[in-house]
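Participant: I'd like to ask you about the structure that follows.
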Amino acid sequence: MRIGNKDKIYIFIRDNKKCFYCGKRLNFRQITLDHYLPLSKGGKDEIFNLVTCCKKCNKYKSDVIPDNYKDTIINLFIKAVQDGNILRKNITIDNSTLKDKLLKVNDLEITSEFFIFQSNSMRFYIKDGFVYKIIYVDISN
Ligand SMILES: [Zn+2]
C-alpha cells in the first residue's frame with residue numbers, strides 16, 4: 001500500500017496528534033510513521049500497522065517487535081473498519097454486513113502477502129486496506 005498524505009493525516013488524527021509511544025504532542029510536520037510490527041518482521045504498509053511517532057521514539061524502537069502487537073493491530077484495524085477505511089475487493093457481501101463481521105475479529109495471523117484477521121466464524125484476508133478474501137470457518141467444535 002502506498003501511504004499517501006491523506007493516510008498520514010488519518011493516522012495523525014486517530015492517534016490524537018501524539019506520539020503513540022511516549023505521548024508527546026506533535027505538529028503534523030514533526031511526525032514520522034512507525035510500523036508497529038516492523039517491516040523486517042513481516043509488517044506491512046497498512047494504516048492499522050502504522051502509528052504516529054516522534055523521531056526520538058522511532059529511532060529507539062527500530063526493529064523491536066512489541067509484546068502485544070497482535071492486540072494493538074487488531075484494535076487499530078477495528079478503528080479503521082469503524083472509520084470506513086477497510087473496503088472490499090471483488091467480494092459479494094454488502095458493506096454493512098461486512099462491517100458487522102469485521103468488527104468481531106479477535107485474532108490475527110500474518111503471512112507474506114496478507115494480514116489475516118479472524119473472528120469466531122470467519123477469516124478475512126486483508127491487503128492494501130482491502131478485504132480480498134473471506135473464508136468461513138467453524139471453530140466451535
Ligand atoms: Zn515519542
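Letters for chains follow the order of the C-alpha cells (A, B, ...), residue numbers begin at 1 for each chain, and ligand numbers begin at 1 in the order shown.
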As a quick test: using only C-alpha atoms and all ligand atoms, which residues lie no more than 10 Å away from ligand 1? Give them as number ranges by chain.
Facilitator: A: 18-26, 31-32, 52-61
Participant: Write out as an NGL selection string all residues of region 3-108 of chain A that DSSP puts in alpha helix (DSSP H) for this structure's backbone.
Facilitator: :A and (5-14 or 55-61 or 69-82 or 95-102)
Participant: Quick one: everything within 9 Å of region 4-11 of chain A, counting only C-alpha atoms, minus sequence neighbours fewer than 6 positions away in the same chain. Send it as a PyMOL selection string.
Facilitator: chain A and resi 17+28+33+47-48+50-52
Participant: When DSSP is applied to the backbone of this structure, which of region 28-98 of chain A are assigned strand (DSSP E)? Write them out as number ranges by chain.
Facilitator: A: 32-35, 50-53, 87-88
Participant: Dump as a tab-separated table the rows for residues of region 42-81 of chain A within 10 Å of region 103-112 of chain A: closest atom pair and distance in Å with one decimal, only C-alpha atoms counted, ordered by chain and rising residue number.
Facilitator:
residue	atom	partner	partner_atom	distance
A:Gly42	CA	A:Ser112	CA	6.7
A:Gly43	CA	A:Ile110	CA	8.0
A:Lys44	CA	A:Ser112	CA	9.1
A:Tyr69	CA	A:Leu108	CA	9.8
A:Lys70	CA	A:Leu108	CA	6.3
A:Asp71	CA	A:Asp107	CA	8.0
A:Ile73	CA	A:Leu108	CA	8.4
A:Ile74	CA	A:Asn106	CA	6.9
A:Asn75	CA	A:Asn106	CA	9.0
A:Phe77	CA	A:Leu103	CA	8.7
A:Ile78	CA	A:Leu103	CA	5.7
A:Lys79	CA	A:Leu103	CA	8.7
A:Ala80	CA	A:Leu103	CA	9.8
A:Val81	CA	A:Leu103	CA	7.0
Participant: Using only C-alpha atoms for the distances, tell me which of A:Phe130, A:Glu113, A:Arg14, A:Lys99 is nearest to Leu76 (chain A).
Facilitator: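 Of A:Phe130, A:Glu113, A:Arg14, A:Lys99, the one nearest Leu76 (chain A) is A:Arg14, counting only C-alpha atoms.
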Participant: What gap, in Å, lies between CA of Asp67 (chain A) and CA of Phe117 (chain A)?
Facilitator: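 Interatomic distance, CA of Asp67 (chain A) to CA of Phe117 (chain A): 18.1 Å.
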Participant: What is the CA of Asn85 (chain A) to CA of Met122 (chain A) distance in Å?
Facilitator: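 Taking CA of Asn85 (chain A) and CA of Met122 (chain A), their separation equals 19.5 Å.
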Participant: Interatomic distance between CA of Ile65 (chain A) and CA of Leu39 (chain A)?
Facilitator: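 It comes out at 10.2 Å.
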Participant: Would you mind telling me which residue in A:Ile3, A:Asp45, A:Ile86, A:His35 lies nearest to Val64 (chain A) when using only C-alpha atoms?
Facilitator: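 Of the candidates, the smallest distance to Val64 (chain A) is held by A:His35.
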